[in-house]
$ cat run_23.cif   # mmCIF, C-alpha atoms
data_my_file
#
loop_
_atom_site.label_atom_id
_atom_site.label_comp_id
_atom_site.auth_asym_id
_atom_site.auth_seq_id
_atom_site.Cartn_x
_atom_site.Cartn_y
_atom_site.Cartn_z
CA MET A 21 -42.89 42.15 16.73
CA SER A 22 -43.96 39.38 19.08
CA ARG A 23 -45.94 37.88 16.23
CA ILE A 24 -42.80 37.53 14.18
CA LEU A 25 -40.99 36.02 17.13
CA ILE A 26 -43.69 33.43 17.68
CA ILE A 27 -44.00 32.59 14.01
CA ASN A 28 -40.25 32.04 13.72
CA LEU A 29 -40.16 29.98 16.88
CA ILE A 30 -42.90 27.72 15.57
CA ARG A 31 -41.14 27.55 12.21
CA PHE A 32 -37.92 26.54 13.91
CA VAL A 33 -39.52 23.73 15.87
CA VAL A 34 -41.62 22.48 12.97
CA LEU A 35 -38.75 22.52 10.49
CA VAL A 36 -36.35 20.77 12.84
CA ALA A 37 -38.95 18.16 13.68
CA LEU A 38 -39.77 17.67 10.03
CA GLN A 39 -36.09 17.33 9.21
CA VAL A 40 -35.06 14.89 11.90
CA PHE A 41 -38.18 12.77 12.07
CA LEU A 42 -39.31 12.63 8.46
CA LEU A 43 -36.71 13.87 5.98
CA LYS A 44 -33.83 12.13 7.70
CA ASN A 45 -35.33 8.84 6.65
CA ILE A 46 -35.95 9.91 3.07
CA SER A 47 -33.21 9.24 0.61
CA LEU A 48 -33.74 8.64 -3.08
CA TYR A 49 -31.32 5.99 -4.34
CA ASN A 50 -28.93 7.04 -1.60
CA LEU A 51 -28.18 10.10 -3.69
CA SER A 52 -30.81 12.65 -2.86
CA THR A 53 -31.36 13.64 0.75
CA PRO A 54 -33.26 16.89 1.30
CA TYR A 55 -32.22 19.36 3.99
CA LEU A 56 -35.33 21.47 4.21
CA TYR A 57 -34.48 22.88 7.65
CA ILE A 58 -32.42 25.69 6.10
CA LEU A 59 -35.72 27.23 5.06
CA PHE A 60 -35.82 28.69 8.56
CA ILE A 61 -32.79 30.86 7.85
CA LEU A 62 -34.06 31.74 4.43
CA LEU A 63 -37.35 33.02 5.81
CA LEU A 64 -36.01 35.18 8.64
CA PRO A 65 -37.10 38.84 8.29
CA PHE A 66 -34.96 41.22 6.27
CA GLU A 67 -34.40 43.40 9.29
CA THR A 68 -32.74 40.68 11.35
CA PRO A 69 -29.41 41.98 12.73
CA ASN A 70 -26.38 40.09 11.50
CA VAL A 71 -25.42 38.94 14.99
CA VAL A 72 -28.82 37.40 15.55
CA LEU A 73 -28.81 35.86 12.12
CA PHE A 74 -25.45 34.17 12.64
CA ALA A 75 -26.33 33.07 16.15
CA LEU A 76 -29.61 31.57 14.96
CA ALA A 77 -27.92 29.82 12.07
CA PHE A 78 -25.31 28.39 14.40
CA VAL A 79 -27.90 27.22 16.91
CA LEU A 80 -30.04 25.70 14.19
CA GLY A 81 -27.03 23.88 12.80
CA LEU A 82 -26.05 22.55 16.20
CA THR A 83 -29.61 21.41 16.85
CA ILE A 84 -29.62 19.44 13.63
CA ASP A 85 -26.12 18.16 14.41
CA SER A 86 -27.23 16.81 17.74
CA PHE A 87 -29.80 14.71 15.93
CA TYR A 88 -27.49 13.67 13.14
CA ASP A 89 -24.54 12.90 15.46
CA THR A 90 -22.19 15.11 13.49
CA PRO A 91 -21.23 17.94 15.85
CA GLY A 92 -20.18 21.03 13.92
CA LEU A 93 -21.01 19.82 10.42
CA HIS A 94 -24.39 21.48 9.99
CA ALA A 95 -23.36 24.38 12.20
CA ALA A 96 -20.53 25.23 9.83
CA SER A 97 -22.75 24.86 6.77
CA CYS A 98 -25.45 27.07 8.29
CA THR A 99 -22.90 29.72 9.18
CA LEU A 100 -21.83 29.82 5.55
CA LEU A 101 -25.48 29.92 4.55
CA ALA A 102 -26.06 32.98 6.74
CA LEU A 103 -23.15 34.81 5.12
CA VAL A 104 -24.40 33.99 1.63
CA ARG A 105 -27.87 35.15 2.62
CA ILE A 106 -26.56 38.52 3.82
CA MET A 107 -24.57 39.01 0.63
CA PHE A 108 -27.37 37.93 -1.65
CA ILE A 109 -29.91 40.21 0.01
CA SER A 110 -27.57 43.18 0.07
CA ILE A 111 -27.03 42.76 -3.67
CA THR A 112 -30.61 42.19 -4.80
CA VAL A 113 -32.81 44.08 -2.34
CA GLN A 114 -32.89 47.77 -1.39
CA LYS A 115 -32.67 48.14 2.34
CA ASP A 116 -35.36 50.76 2.74
CA GLY A 117 -38.75 50.64 1.19
CA PHE A 118 -40.28 47.82 3.14
CA ASP A 119 -43.05 48.53 5.51
CA ASN A 120 -44.25 46.27 8.35
CA GLU A 121 -41.07 44.17 8.32
CA PRO A 122 -41.60 41.87 5.40
CA GLU A 123 -40.00 38.47 5.14
CA PRO A 124 -38.37 37.00 2.05
CA THR A 125 -41.23 34.58 1.38
CA LEU A 126 -42.52 33.43 -1.96
CA SER A 127 -45.76 35.35 -1.62
CA ILE A 128 -44.04 38.66 -0.88
CA MET A 129 -41.02 38.55 -3.15
CA GLY A 130 -42.45 36.79 -6.17
CA PHE A 131 -41.57 33.46 -7.70
CA ARG A 132 -38.53 34.50 -9.73
CA TRP A 133 -36.70 36.22 -6.92
CA PHE A 134 -37.53 33.53 -4.40
CA PHE A 135 -36.49 30.74 -6.75
CA THR A 136 -33.08 32.33 -7.41
CA TYR A 137 -32.65 33.08 -3.73
CA ALA A 138 -33.52 29.56 -2.63
CA LEU A 139 -31.46 27.94 -5.38
CA ILE A 140 -28.26 29.87 -4.76
CA LEU A 141 -28.39 29.55 -0.99
CA THR A 142 -29.18 25.86 -1.16
CA LEU A 143 -26.35 25.23 -3.60
CA PHE A 144 -23.86 26.95 -1.32
CA HIS A 145 -25.11 25.16 1.76
CA HIS A 146 -25.26 21.71 0.21
CA PHE A 147 -21.94 21.98 -1.55
CA PHE A 148 -20.18 22.90 1.65
CA LEU A 149 -22.12 20.35 3.68
CA PHE A 150 -21.45 17.36 1.47
CA ASN A 151 -17.81 18.13 0.93
CA LEU A 152 -17.17 18.72 4.59
CA GLU A 153 -18.96 15.51 5.41
CA VAL A 154 -17.02 13.35 2.97
CA PHE A 155 -13.79 15.30 3.40
CA ARG A 156 -11.77 13.68 0.66
CA PHE A 157 -11.22 14.21 -3.01
CA ASP A 158 -11.30 10.55 -4.00
CA GLU A 159 -15.07 10.38 -3.99
CA ILE A 160 -15.62 13.77 -5.58
CA ASP A 161 -17.91 12.45 -8.32
CA TYR A 162 -20.19 10.71 -5.86
CA THR A 163 -20.18 13.76 -3.60
CA LEU A 164 -21.01 16.09 -6.48
CA SER A 165 -23.88 13.93 -7.71
CA ARG A 166 -25.25 13.76 -4.18
CA PHE A 167 -24.90 17.52 -3.91
CA ILE A 168 -26.75 18.22 -7.16
CA PHE A 169 -29.62 15.80 -6.62
CA SER A 170 -30.06 16.82 -3.00
CA SER A 171 -30.12 20.47 -3.97
CA ILE A 172 -32.85 19.82 -6.55
CA PHE A 173 -34.88 17.95 -3.96
CA THR A 174 -34.44 20.64 -1.30
CA VAL A 175 -35.33 23.51 -3.62
CA PHE A 176 -38.36 21.59 -4.82
CA LEU A 177 -39.56 21.12 -1.25
CA MET A 178 -38.95 24.82 -0.53
CA LEU A 179 -41.06 25.90 -3.47
CA VAL A 180 -43.80 23.48 -2.47
CA SER A 181 -43.87 24.83 1.06
CA GLY A 182 -43.79 28.40 -0.29
CA LEU A 183 -46.81 27.69 -2.45
CA LEU A 184 -48.49 25.89 0.44
CA PHE A 185 -48.38 29.01 2.62
CA PHE A 186 -49.06 31.40 -0.23
CA ARG A 187 -51.07 34.47 0.80
CA LYS A 188 -52.32 36.34 -2.18
CA LYS A 189 -53.27 39.65 -0.62
CA GLU A 190 -49.72 40.29 0.61
CA ARG A 191 -48.32 40.16 -2.92
CA LYS A 192 -47.41 43.58 -4.23
CA MET B 19 -9.23 53.09 16.86
CA ARG B 20 -12.42 54.72 15.64
CA ASN B 21 -11.63 53.79 12.09
CA LEU B 22 -11.05 50.23 13.15
CA LEU B 23 -14.43 50.14 14.87
CA ILE B 24 -16.09 51.60 11.77
CA PHE B 25 -14.32 49.06 9.63
CA ILE B 26 -15.44 46.20 11.87
CA THR B 27 -19.05 47.40 12.03
CA LYS B 28 -19.14 47.94 8.29
CA TYR B 29 -18.01 44.43 7.57
CA ASN B 30 -19.53 42.87 10.65
CA ALA B 31 -21.10 40.08 8.62
CA PHE B 32 -17.71 38.83 7.56
CA PHE B 33 -16.23 38.92 11.04
CA LEU B 34 -19.25 37.22 12.53
CA PHE B 35 -18.97 34.63 9.80
CA LEU B 36 -15.34 34.02 10.68
CA ILE B 37 -16.09 33.63 14.39
CA PHE B 38 -18.95 31.21 13.93
CA MET B 39 -17.30 29.26 11.13
CA ILE B 40 -14.10 28.76 13.05
CA SER B 41 -15.90 27.67 16.18
CA SER B 42 -18.07 25.19 14.29
CA LEU B 43 -15.08 23.79 12.43
CA ILE B 44 -13.26 23.37 15.73
CA ILE B 45 -16.23 21.47 17.09
CA TYR B 46 -16.38 19.43 13.92
CA ILE B 47 -12.72 18.44 13.82
CA LYS B 48 -12.53 17.88 17.54
CA TYR B 49 -15.53 15.59 17.82
CA ASN B 50 -15.39 13.66 14.58
CA SER B 51 -12.47 11.31 14.68
CA PHE B 52 -12.64 10.48 10.98
CA GLN B 53 -12.12 14.06 9.88
CA LYS B 54 -9.47 14.46 12.54
CA ALA B 55 -7.58 11.48 11.26
CA SER B 56 -7.96 12.31 7.60
CA PHE B 57 -7.02 15.94 8.19
CA ILE B 58 -3.68 14.77 9.44
CA ASN B 59 -3.55 12.05 6.84
CA SER B 60 -4.16 14.34 3.92
CA THR B 61 -1.36 16.64 4.99
CA ASN B 62 0.84 13.59 5.27
CA GLN B 63 -0.29 12.52 1.83
CA VAL B 64 0.88 15.82 0.39
CA THR B 65 4.30 15.66 1.97
CA GLY B 66 4.57 11.95 1.23
CA ASN B 67 3.83 12.53 -2.45
CA LEU B 68 6.41 15.29 -2.63
CA TYR B 69 9.00 13.08 -1.01
CA ALA B 70 8.22 10.23 -3.39
CA LYS B 71 8.63 12.56 -6.40
CA ALA B 72 11.95 13.87 -5.13
CA ASP B 73 13.15 10.35 -4.43
CA GLU B 74 12.18 9.23 -7.92
CA PHE B 75 14.26 12.03 -9.38
CA LYS B 76 17.21 11.23 -7.13
CA GLY B 77 17.03 7.60 -8.24
CA TYR B 78 17.87 8.61 -11.81
CA LEU B 79 21.11 10.24 -10.75
CA SER B 80 22.59 7.03 -9.39
CA LEU B 81 21.25 4.65 -12.03
CA LYS B 82 24.65 3.70 -13.40
CA GLU B 83 26.03 2.92 -9.99
CA VAL B 84 23.02 0.83 -9.09
CA ASN B 85 23.22 -0.97 -12.41
CA ASP B 86 26.84 -1.98 -11.81
CA LYS B 87 25.96 -3.08 -8.34
CA LEU B 88 23.05 -5.18 -9.54
CA ALA B 89 25.06 -6.79 -12.31
CA LYS B 90 27.74 -7.83 -9.83
CA GLU B 91 25.16 -8.98 -7.35
CA ASN B 92 23.39 -10.98 -10.04
CA ALA B 93 26.61 -12.74 -10.98
CA GLU B 94 27.36 -13.53 -7.39
CA LEU B 95 23.86 -14.79 -6.71
CA ARG B 96 23.92 -16.95 -9.82
CA ASN B 97 27.14 -18.54 -8.65
CA GLU B 98 25.62 -19.29 -5.34
CA LEU B 99 22.50 -20.68 -6.97
CA CYS B 100 24.38 -23.18 -9.14
CA SER B 101 26.46 -24.50 -6.32
CA SER B 102 23.61 -24.82 -3.88
CA LYS B 103 20.83 -25.84 -6.19
CA TYR B 104 20.72 -29.45 -5.19
CA VAL B 105 20.82 -28.87 -1.46
CA ASP B 106 18.18 -26.23 -1.80
CA THR B 107 15.61 -28.50 -3.38
CA ILE B 108 16.26 -31.21 -0.83
CA SER B 109 15.70 -28.94 2.09
CA LYS B 110 12.50 -27.58 0.62
CA HIS B 111 11.20 -31.07 0.18
CA GLN B 112 11.96 -31.84 3.75
CA VAL B 113 10.17 -28.85 5.03
CA THR B 114 6.92 -30.02 3.51
CA ASP B 115 7.51 -33.49 4.90
CA SER B 116 8.16 -32.23 8.36
CA VAL B 117 4.52 -31.36 8.79
CA TYR B 118 3.87 -35.06 9.28
CA LYS B 119 7.23 -36.45 10.29
CA GLN B 120 9.53 -35.32 12.98
CA GLN B 121 12.63 -34.02 11.32
CA TYR B 122 14.61 -32.70 14.24
CA VAL B 123 15.24 -34.45 17.53
CA TYR B 124 16.81 -32.73 20.52
CA ILE B 125 19.07 -34.55 22.93
CA PRO B 126 19.79 -32.74 26.18
CA ALA B 127 23.37 -32.73 27.38
CA GLN B 128 25.32 -31.26 30.24
CA VAL B 129 28.26 -28.96 29.64
CA ILE B 130 31.31 -30.45 31.37
CA SER B 131 33.94 -27.97 30.38
CA ASN B 132 33.71 -24.69 28.63
CA SER B 133 35.82 -21.71 27.74
CA VAL B 134 35.09 -18.28 26.36
CA ASN B 135 38.34 -16.34 26.51
CA LYS B 136 40.49 -18.08 23.90
CA ARG B 137 40.61 -17.40 20.22
CA ASN B 138 39.13 -20.83 19.54
CA ASN B 139 36.74 -22.08 22.16
CA TYR B 140 35.36 -25.58 22.65
CA LEU B 141 32.80 -27.13 24.94
CA THR B 142 32.77 -30.66 26.21
CA ILE B 143 29.35 -32.20 26.64
CA SER B 144 28.20 -35.32 28.44
CA ARG B 145 26.78 -37.22 25.45
CA GLY B 146 28.53 -39.34 22.87
CA SER B 147 28.04 -41.80 20.05
CA LYS B 148 26.17 -44.10 22.44
CA ASP B 149 23.43 -41.52 22.61
CA GLY B 150 23.24 -41.10 18.86
CA ILE B 151 25.42 -38.08 18.49
CA ALA B 152 27.50 -37.77 15.36
CA LYS B 153 29.98 -35.31 13.98
CA GLY B 154 28.55 -32.20 12.41
CA MET B 155 25.37 -31.95 14.45
CA GLY B 156 24.22 -28.59 15.70
CA VAL B 157 24.08 -27.65 19.37
CA THR B 158 21.65 -25.17 20.84
CA SER B 159 20.65 -24.00 24.28
CA ALA B 160 17.37 -22.58 25.49
CA ASP B 161 18.60 -19.11 24.51
CA GLY B 162 19.89 -19.90 21.06
CA VAL B 163 22.65 -21.34 18.93
CA VAL B 164 25.76 -22.65 20.70
CA GLY B 165 27.89 -24.48 18.16
CA LYS B 166 28.61 -27.62 16.22
CA VAL B 167 29.80 -31.11 17.24
CA VAL B 168 33.34 -31.75 15.98
CA PHE B 169 34.64 -34.82 17.87
CA VAL B 170 32.54 -37.66 19.21
CA GLY B 171 33.63 -40.10 21.84
CA GLU B 172 31.62 -42.92 23.27
CA HIS B 173 30.30 -40.94 26.22
CA LEU B 174 31.50 -37.44 25.57
CA SER B 175 31.79 -35.15 22.62
CA ILE B 176 33.49 -31.90 21.84
CA VAL B 177 31.58 -28.98 20.51
CA GLN B 178 33.15 -26.21 18.53
CA SER B 179 31.58 -23.18 20.08
CA LEU B 180 30.28 -20.23 18.11
CA LEU B 181 33.20 -18.41 19.67
CA HIS B 182 35.65 -19.99 17.24
CA LYS B 183 37.62 -18.69 14.33
CA ASP B 184 36.15 -21.25 11.94
CA SER B 185 32.55 -21.18 13.16
CA ARG B 186 30.25 -19.97 10.44
CA PHE B 187 26.50 -20.46 10.67
CA SER B 188 23.93 -19.52 8.10
CA ALA B 189 21.65 -16.94 9.69
CA MET B 190 18.99 -14.54 8.62
CA LEU B 191 17.21 -11.43 9.79
CA ALA B 192 13.92 -12.48 11.33
CA THR B 193 11.79 -9.81 9.66
CA ASN B 194 12.80 -9.92 6.03
CA LYS B 195 14.63 -13.27 5.80
CA ALA B 196 17.78 -11.72 4.42
CA ILE B 197 20.42 -14.42 4.70
CA GLY B 198 23.97 -13.94 5.87
CA TYR B 199 26.66 -15.73 7.84
CA LEU B 200 27.18 -15.45 11.54
CA GLN B 201 30.69 -15.62 12.91
CA TRP B 202 32.50 -14.50 15.98
CA GLY B 203 33.47 -10.86 16.12
CA GLU B 204 37.09 -9.95 15.63
CA ASP B 205 37.50 -8.26 18.97
CA MET B 206 36.89 -11.60 20.75
CA ASP B 207 34.11 -10.36 22.98
CA PRO B 208 32.07 -13.43 24.04
CA HIS B 209 28.85 -11.42 23.79
CA LYS B 210 29.33 -10.17 20.27
CA GLY B 211 28.94 -11.88 16.94
CA LEU B 212 29.24 -10.60 13.44
CA LEU B 213 26.59 -11.10 10.79
CA VAL B 214 28.28 -10.78 7.42
CA ASP B 215 27.38 -11.05 3.76
CA VAL B 216 23.85 -9.76 4.12
CA SER B 217 22.55 -8.44 0.84
CA ASN B 218 22.53 -4.69 0.49
CA ASN B 219 18.79 -4.27 0.13
CA ALA B 220 18.02 -5.92 3.47
CA GLN B 221 17.72 -2.64 5.40
CA PRO B 222 18.40 -4.04 8.87
CA LYS B 223 17.50 -2.11 11.99
CA VAL B 224 19.19 -2.05 15.36
CA GLY B 225 17.40 -4.43 17.68
CA GLU B 226 16.20 -6.72 14.94
CA LEU B 227 16.23 -10.42 15.78
CA VAL B 228 18.76 -12.66 14.02
CA VAL B 229 17.72 -16.30 13.69
CA THR B 230 19.04 -19.44 12.01
CA SER B 231 18.15 -19.84 8.37
CA GLU B 232 16.84 -22.91 6.62
CA LEU B 233 20.25 -23.60 5.15
CA SER B 234 21.85 -24.19 8.54
CA LEU B 235 22.24 -27.29 10.69
CA PHE B 236 19.40 -26.09 12.82
CA PRO B 237 15.70 -25.79 12.32
CA ALA B 238 14.94 -22.38 10.87
CA GLY B 239 14.08 -19.66 13.35
CA ILE B 240 16.24 -20.50 16.37
CA PRO B 241 17.35 -17.18 17.85
CA ILE B 242 20.99 -16.18 17.69
CA GLY B 243 20.95 -12.61 18.88
CA LYS B 244 19.89 -9.10 18.09
CA VAL B 245 21.46 -6.60 15.75
CA SER B 246 23.32 -4.18 17.98
CA LYS B 247 25.32 -2.06 15.59
CA LEU B 248 25.05 -1.50 11.86
CA ASN B 249 28.03 -0.92 9.59
CA ALA B 250 30.56 -3.06 11.42
CA LYS B 251 34.03 -2.73 9.99
CA GLY B 252 35.43 -5.15 7.47
CA GLY B 253 33.75 -6.88 4.56
CA GLY B 254 33.54 -5.18 1.23
CA PHE B 255 30.49 -5.52 -0.85
CA PHE B 256 27.77 -6.73 1.44
CA LEU B 257 26.31 -5.44 4.67
CA ASN B 258 27.99 -6.42 7.88
CA MET B 259 26.51 -5.84 11.30
CA GLU B 260 27.29 -6.54 14.89
CA VAL B 261 25.05 -8.97 16.74
CA ALA B 262 24.57 -9.12 20.50
CA LEU B 263 24.49 -12.86 21.09
CA SER B 264 21.52 -14.16 23.03
CA VAL B 265 23.47 -17.03 24.57
CA ASP B 266 25.70 -16.17 27.50
CA PHE B 267 28.55 -18.59 26.76
CA GLY B 268 30.17 -18.07 30.12
CA LYS B 269 27.15 -19.45 31.93
CA LEU B 270 26.24 -22.42 29.75
CA GLU B 271 25.17 -25.47 31.76
CA TYR B 272 22.80 -27.47 29.63
CA VAL B 273 22.64 -27.65 25.88
CA ASP B 274 20.59 -29.56 23.31
CA VAL B 275 22.12 -31.47 20.44
CA VAL B 276 19.98 -31.23 17.32
CA ILE B 277 19.70 -34.41 15.30
CA ASN B 278 18.43 -33.94 11.81
CA LYS B 279 16.74 -37.25 10.97
CA PHE B 280 17.02 -36.62 7.29
CA ALA B 281 20.67 -35.74 7.40
CA LEU B 282 21.82 -39.27 6.63
CA GLU B 283 19.43 -39.54 3.72
CA GLN B 284 20.59 -36.20 2.48
CA THR B 285 24.28 -37.00 2.69
CA THR B 286 23.90 -40.43 1.08
CA LEU B 287 21.84 -38.99 -1.70
CA GLU B 288 24.37 -36.26 -2.19
CA ALA B 289 27.13 -38.85 -2.25
CA GLN B 290 25.24 -40.89 -4.85
CA GLU B 291 24.79 -37.79 -6.93
CA LYS B 292 28.49 -37.08 -6.73
CA LYS B 293 29.25 -40.63 -7.80
CA ALA B 294 26.82 -40.35 -10.66
CA ASP B 295 28.51 -37.19 -11.72
CA GLU B 296 31.85 -38.93 -11.83
#

$ encode --input "run_23.cif" --output "structure tokens"
Amino acid sequence: MSRILIINLIRFVVLVALQVFLLKNISLYNLSTPYLYILFILLLPFETPNVVLFALAFVLGLTIDSFYDTPGLHAASCTLLALVRIMFISITVQKDGFDNEPEPTLSIMGFRWFFTYALILTLFHHFFLFNLEVFRFDEIDYTLSRFIFSSIFTVFLMLVSGLLFFRKKERK
Amino acid sequence: MRNLLIFITKYNAFFLFLIFMISSLIIYIKYNSFQKASFINSTNQVTGNLYAKADEFKGYLSLKEVNDKLAKENAELRNELCSSKYVDTISKHQVTDSVYKQQYVYIPAQVISNSVNKRNNYLTISRGSKDGIAKGMGVTSADGVVGKVVFVGEHLSIVQSLLHKDSRFSAMLATNKAIGYLQWGEDMDPHKGLLVDVSNNAQPKVGELVVTSELSLFPAGIPIGKVSKLNAKGGGFFLNMEVALSVDFGKLEYVDVVINKFALEQTTLEAQEKKADE
């Protein structure tokens, strides 16, 4: 239990640091800006209570907001992300049948499931984020292209990090 | 109560989502002025668009009326244009000249006698033909328009005050330059004037400044008063409005006579033109 806590704490710090110090400065043609920090919410254990999940998502969002100077923007997006995560997992995964509290990582759940999971959650998060940020319909085409290219970039980075921490023996 | 609790715990994800989403959106809208402004703006846009649509539709209903009105107005304006065409071009020419040359000269004068409570009021001022004053010159004070010189003696002259049955000065609304005529109000209040014959599309507001127009004896833009009441009685087709005069005629002490240096040139040219016409 404490191992999971420590791992997630480290993950939180590393992902936030990576996001605000490295990825914040990366932007391909001003269209594609990755938001890899949501990987933290994606990788929380299945057994996480909903209250904790929402609270963590909110705190993570506010942390990112404080660096991006947009109070509430990422917090709102992460809250939506947490809801989508709960719904997605309740649809695709049976609650019981996991021993030693597995996490929805690439190595445990397999590539296909993880790819769908990451893709759908990222799309929801990014769509909400970009539209809330721009907040007008005039620039919808620019917003949508930013949304699509950023989502591709983010999902790509998620898969890379999943493969980077791939542990073969855990795969069932 | 128990069922409610069961319901809430069963769908706890949704309720938690609502709580966190609402709080983050409150933070977002409260601390980001752009979204705050555009949130209000976009609602205004919706209502504004609806209003514009309704107005467009309403416009069709009164098309015939408006058409008649415009036709009449066109005829009237064309009449005015023909009769004033020559003067108009002259004055425009002078305006461009006046950048380099002084066109108007002010001569200060003392008010010797004055009246405000008759139907036709005159002032006597302490300057005459010796000082270069001639009949027909405009008279102003520091506050605004006073009147027009009608008789000139050697040392004194008589000014027909604005408070006179026959006083009519070309004036305009300061904001949209809609031209009309200023005359004394019919109830003979020395503080009230009447701005008449303003075109119907001028949309005046109460409190708007009324100034002299370029067609008057005076340099354009000398204050006359402020619109105090719309829809004054009398006058048929055009807008009439009451004007609170800026000059307190009862307390006039010093006035300025305005000499238009190009007036002589203008009148001689006009006379020549008339002769040529004959």

$ closest_residue --input "run_23.cif" --among "A:Glu153, A:Leu62, A:Arg132, A:Leu143" --to "Ile109 (chain A)" --atoms "only C-alpha atoms"
A:Leu62

$ closest_atom_pairs --input "run_23.cif" --of "chain B" --to "chain A" --cutoff "7 Å" --atoms "all atoms listed in the file" --output "CSV"
residue,atom,partner,partner_atom,distance
B:Ala31,CA,A:Asn70,CA,6.0
B:Leu34,CA,A:Val71,CA,6.9
B:Phe35,CA,A:Leu103,CA,6.3
B:Phe38,CA,A:Thr99,CA,6.4
B:Met39,CA,A:Ala96,CA,5.3
B:Ser42,CA,A:Gly92,CA,4.7
B:Leu43,CA,A:Gly92,CA,6.0
B:Ile45,CA,A:Gly92,CA,5.1
B:Tyr46,CA,A:Gly92,CA,4.1
B:Tyr49,CA,A:Pro91,CA,6.5
B:Gln53,CA,A:Phe155,CA,6.8

$ write_last_selection --input "run_23.cif" --atoms "C-alpha atoms" --output "CSV table (one decimal), keeping the file's coordinate frame"
chain,number,residue,atom,x,y,z
B,31,ALA,CA,-21.1,40.1,8.6
B,34,LEU,CA,-19.2,37.2,12.5
B,35,PHE,CA,-19.0,34.6,9.8
B,38,PHE,CA,-19.0,31.2,13.9
B,39,MET,CA,-17.3,29.3,11.1
B,42,SER,CA,-18.1,25.2,14.3
B,43,LEU,CA,-15.1,23.8,12.4
B,45,ILE,CA,-16.2,21.5,17.1
B,46,TYR,CA,-16.4,19.4,13.9
B,49,TYR,CA,-15.5,15.6,17.8
B,53,GLN,CA,-12.1,14.1,9.9

$ residues_around --input "run_23.cif" --residues "Val245 (chain B)" --least-positions-apart "2" --cutoff "10 Å" --atoms "only C-alpha atoms" --output "VMD selection string"
chain B and resid 191 210 to 213 222 to 228 242 to 243 247 to 248 259 to 263

$ residues_around --input "run_23.cif" --residues "Leu177 (chain A)" --least-positions-apart "6" --cutoff "12 Å" --atoms "only C-alpha atoms" --output "VMD selection string"
chain A and resid 35 38 to 39 43 53 to 59 135 138 to 139 142 170 to 171 183 to 184

$ atom_distance --input "run_23.cif" --atom1 "CA of Phe134 (chain A)" --atom2 "CA of Phe147 (chain A)"
19.6 Å

$ closest_residue --input "run_23.cif" --among "A:Phe169, A:Tyr49, A:Phe131, A:Phe32" --to "Leu63 (chain A)" --atoms "only C-alpha atoms"
A:Phe32

$ atom_distance --input "run_23.cif" --atom1 "CA of Ser159 (chain B)" --atom2 "CA of Asp215 (chain B)"
25.2 Å

$ residues_around --input "run_23.cif" --residues "region 163-170 of chain B" --least-positions-apart "6" --cutoff "6 Å" --atoms "only C-alpha atoms" --output "list in words"
Gly146, Lys153, Gly154, Met155, Gly156, Val157, Ile176, Val177, Gln178, Ser179, Leu180 and Ile242 of chain B

$ atom_distance --input "run_23.cif" --atom1 "CA of Phe87 (chain A)" --atom2 "CA of Leu51 (chain A)"
20.2 Å

$ closest_residue --input "run_23.cif" --among "A:Ile61, A:Phe150, A:Phe186, A:Ile140" --to "Asn28 (chain A)" --atoms "only C-alpha atoms"
A:Ile61

$ residues_around --input "run_23.cif" --residues "Asp266 (chain B)" --least-positions-apart "2" --cutoff "9 Å" --atoms "all atoms listed in the file" --output "list of chain:residue names"
B:Asp161, B:Pro208, B:His209, B:Leu263, B:Ser264, B:Gly268, B:Lys269, B:Leu270

$ resolve_selection --input "run_23.cif" --expression "the PyMOL selection byres ((chain B and resi 144) around 10)" --output "NGL selection string"
:B and (126-131 or 142-143 or 145-146 or 149 or 171-176 or 272-273)

$ closest_residue --input "run_23.cif" --among "B:Ser234, B:Ser147, B:Gln201, B:Gln284" --to "Asn258 (chain B)" --atoms "all atoms listed in the file"
B:Gln201

$ residues_around --input "run_23.cif" --residues "Ala220 (chain B)" --least-positions-apart "3" --cutoff "9 Å" --atoms "all atoms listed in the file" --output "ChimeraX atom specification"
/B:191,194-197,216-217,257

$ write_last_selection --input "run_23.cif" --atoms "C-alpha atoms" --output "mmCIF file, keeping the file's coordinate frame"
data_model
loop_
_atom_site.group_PDB
_atom_site.id
_atom_site.type_symbol
_atom_site.label_atom_id
_atom_site.label_comp_id
_atom_site.auth_asym_id
_atom_site.auth_seq_id
_atom_site.Cartn_x
_atom_site.Cartn_y
_atom_site.Cartn_z
ATOM 1 C CA LEU B 191 17.210 -11.430 9.790
ATOM 2 C CA ASN B 194 12.800 -9.920 6.030
ATOM 3 C CA LYS B 195 14.630 -13.270 5.800
ATOM 4 C CA ALA B 196 17.780 -11.720 4.420
ATOM 5 C CA ILE B 197 20.420 -14.420 4.700
ATOM 6 C CA VAL B 216 23.850 -9.760 4.120
ATOM 7 C CA SER B 217 22.550 -8.440 0.840
ATOM 8 C CA LEU B 257 26.310 -5.440 4.670
#
